[in-house]
Amino acid sequence: MTHKQLQSVMKFQLKYFNNSEVKITDDTIHREILSRQDGFGYANSKYIYRAVIRWTLIQNKQDDKAWPKHWIDLSVKELALKILTAE
């Protein structure tokens, strides 16, 4: 999976959690769309989104690498690059 492909998947998934007027782009910061406060326990947009992206990576024969600790503060472009280049 390339960086651009992962960015496309992330933007596609973010559209389904977007309850605001925020336009989803490569520069969209995840915190603008996702939250831990919009559900119950781990059933919230932040954790569901992360699980879907991890599942997508695994289905595309990518390693399930550790995400940056404060990934929600990163843009789509930044997070995609960090995930793909993580050791």
# chains A, B, ... in the order shown; residues from 1 in each chain; ligands from 1
call {"tool": "residues_around", "arguments": {"residues": "Asp63 in chain A", "least_positions_apart": "6", "cutoff": "12 Å", "atoms": "only C-alpha atoms", "output": "JSON list (two decimals) with C-alpha atoms, in the first residue's frame"}}
result
[["chain", "number", "residue", "atom", "x", "y", "z"],
["A", 1, "MET", "CA", 0.00, 0.00, 0.00],
["A", 53, "ILE", "CA", -7.54, 1.68, 9.17],
["A", 54, "ARG", "CA", -5.54, -1.04, 10.92],
["A", 55, "TRP", "CA", -7.82, -3.70, 9.41],
["A", 56, "THR", "CA", -7.38, -2.13, 5.97],
["A", 57, "LEU", "CA", -3.60, -2.21, 6.32],
["A", 83, "ILE", "CA", 2.29, 4.56, 9.91],
["A", 84, "LEU", "CA", 3.96, 3.36, 6.73],
["A", 85, "THR", "CA", 7.47, 4.24, 7.87],
["A", 86, "ALA", "CA", 7.16, 3.05, 11.48],
["A", 87, "GLU", "CA", 9.55, 0.33, 12.57]]
call {"tool": "residues_around", "arguments": {"residues": "Tyr49 in chain A", "least_positions_apart": "5", "cutoff": "12 Å", "atoms": "only C-alpha atoms", "output": "list in words"}}
result
Val9, Met10, Lys11, Phe12, Gln13, Leu14, Lys15, Tyr16, Phe17, Asn18, His30, Arg31, Ile33, Leu34, Ser35, Arg36, Tyr42, Ala43, Asn44, Arg54, Trp55, Thr56, Trp71 and Ile72 of chain A
call {"tool": "atom_distance", "arguments": {"atom1": "CA of Glu21 in chain A", "atom2": "CA of Lys69 in chain A"}}
result
26.9 Å
call {"tool": "select_by_dssp", "arguments": {"residues": "chain A", "states": "alpha helix (DSSP H)", "output": "number ranges by chain"}}
result
A: 3-15, 45-59, 76-85
call {"tool": "write_last_selection", "arguments": {"atoms": "N, CA and C atoms", "output": "compact mmCIF listing (two decimals), in the first residue's frame"}}
result
# COMPACT_ATOMS: atom_id res chain seq x y z
N HIS A 3 1.69 5.47 0.13
CA HIS A 3 1.30 6.60 0.98
C HIS A 3 0.01 7.23 0.46
N LYS A 4 -0.07 7.46 -0.84
CA LYS A 4 -1.27 8.07 -1.44
C LYS A 4 -2.49 7.17 -1.28
N GLN A 5 -2.32 5.87 -1.43
CA GLN A 5 -3.45 4.94 -1.26
C GLN A 5 -3.97 4.98 0.17
N LEU A 6 -3.06 4.99 1.13
CA LEU A 6 -3.48 5.04 2.54
C LEU A 6 -4.19 6.36 2.83
N GLN A 7 -3.67 7.45 2.31
CA GLN A 7 -4.33 8.74 2.50
C GLN A 7 -5.75 8.70 1.93
N SER A 8 -5.92 8.10 0.79
CA SER A 8 -7.26 8.00 0.17
C SER A 8 -8.22 7.22 1.05
N VAL A 9 -7.75 6.12 1.60
CA VAL A 9 -8.59 5.31 2.49
C VAL A 9 -8.95 6.10 3.74
N MET A 10 -7.97 6.79 4.31
CA MET A 10 -8.23 7.58 5.51
C MET A 10 -9.27 8.65 5.25
N LYS A 11 -9.13 9.37 4.15
CA LYS A 11 -10.09 10.43 3.83
C LYS A 11 -11.48 9.84 3.58
N PHE A 12 -11.54 8.71 2.90
CA PHE A 12 -12.81 8.04 2.66
C PHE A 12 -13.50 7.69 3.97
N GLN A 13 -12.76 7.13 4.92
CA GLN A 13 -13.33 6.74 6.21
C GLN A 13 -13.70 7.95 7.05
N LEU A 14 -12.89 8.99 7.01
CA LEU A 14 -13.19 10.19 7.81
C LEU A 14 -14.52 10.82 7.39
N LYS A 15 -14.88 10.69 6.12
CA LYS A 15 -16.16 11.26 5.66
C LYS A 15 -17.34 10.72 6.47
N SER A 45 -15.78 7.29 17.74
CA SER A 45 -15.23 7.52 16.41
C SER A 45 -13.71 7.38 16.35
N LYS A 46 -13.01 7.81 17.38
CA LYS A 46 -11.54 7.73 17.39
C LYS A 46 -11.07 6.28 17.30
N TYR A 47 -11.60 5.42 18.12
CA TYR A 47 -11.13 4.03 18.16
C TYR A 47 -11.68 3.20 17.00
N ILE A 48 -12.89 3.49 16.57
CA ILE A 48 -13.45 2.75 15.43
C ILE A 48 -12.66 3.08 14.16
N TYR A 49 -12.38 4.35 13.95
CA TYR A 49 -11.57 4.77 12.79
C TYR A 49 -10.21 4.07 12.80
N ARG A 50 -9.54 4.10 13.94
CA ARG A 50 -8.23 3.47 14.03
C ARG A 50 -8.33 1.97 13.72
N ALA A 51 -9.34 1.31 14.23
CA ALA A 51 -9.51 -0.12 13.99
C ALA A 51 -9.75 -0.40 12.50
N VAL A 52 -10.54 0.43 11.85
CA VAL A 52 -10.82 0.24 10.42
C VAL A 52 -9.56 0.44 9.60
N ILE A 53 -8.78 1.44 9.91
CA ILE A 53 -7.54 1.68 9.17
C ILE A 53 -6.55 0.55 9.41
N ARG A 54 -6.43 0.09 10.64
CA ARG A 54 -5.54 -1.04 10.92
C ARG A 54 -5.98 -2.28 10.17
N TRP A 55 -7.29 -2.56 10.13
CA TRP A 55 -7.82 -3.70 9.41
C TRP A 55 -7.49 -3.58 7.92
N THR A 56 -7.67 -2.38 7.38
CA THR A 56 -7.38 -2.13 5.97
C THR A 56 -5.91 -2.42 5.66
N LEU A 57 -5.03 -1.96 6.52
CA LEU A 57 -3.60 -2.21 6.32
C LEU A 57 -3.29 -3.71 6.33
N ILE A 58 -3.84 -4.41 7.29
CA ILE A 58 -3.60 -5.85 7.40
C ILE A 58 -4.14 -6.58 6.18
N GLN A 59 -5.32 -6.20 5.71
CA GLN A 59 -5.92 -6.82 4.53
C GLN A 59 -5.10 -6.56 3.27
N VAL A 76 -3.98 13.88 7.96
CA VAL A 76 -4.07 12.63 7.20
C VAL A 76 -2.72 12.31 6.57
N LYS A 77 -2.13 13.29 5.92
CA LYS A 77 -0.85 13.12 5.24
C LYS A 77 0.25 12.70 6.22
N GLU A 78 0.33 13.37 7.36
CA GLU A 78 1.37 13.07 8.36
C GLU A 78 1.19 11.68 8.95
N LEU A 79 -0.04 11.33 9.31
CA LEU A 79 -0.28 10.03 9.94
C LEU A 79 -0.01 8.90 8.96
N ALA A 80 -0.45 9.03 7.73
CA ALA A 80 -0.21 7.98 6.74
C ALA A 80 1.28 7.71 6.59
N LEU A 81 2.07 8.77 6.51
CA LEU A 81 3.52 8.62 6.38
C LEU A 81 4.13 7.96 7.61
N LYS A 82 3.70 8.39 8.80
CA LYS A 82 4.25 7.81 10.04
C LYS A 82 3.89 6.33 10.18
N ILE A 83 2.68 5.96 9.82
CA ILE A 83 2.29 4.56 9.91
C ILE A 83 3.10 3.69 8.95
N LEU A 84 3.25 4.16 7.73
CA LEU A 84 3.96 3.36 6.73
C LEU A 84 5.45 3.27 6.96
N THR A 85 6.02 4.25 7.65
CA THR A 85 7.47 4.24 7.87
C THR A 85 7.86 3.81 9.28
call {"tool": "atom_distance", "arguments": {"atom1": "CA of Gly41 in chain A", "atom2": "CA of Ile24 in chain A"}}
result
25.7 Å
call {"tool": "atom_distance", "arguments": {"atom1": "CA of Asp27 in chain A", "atom2": "CA of Trp67 in chain A"}}
result
18.0 Å
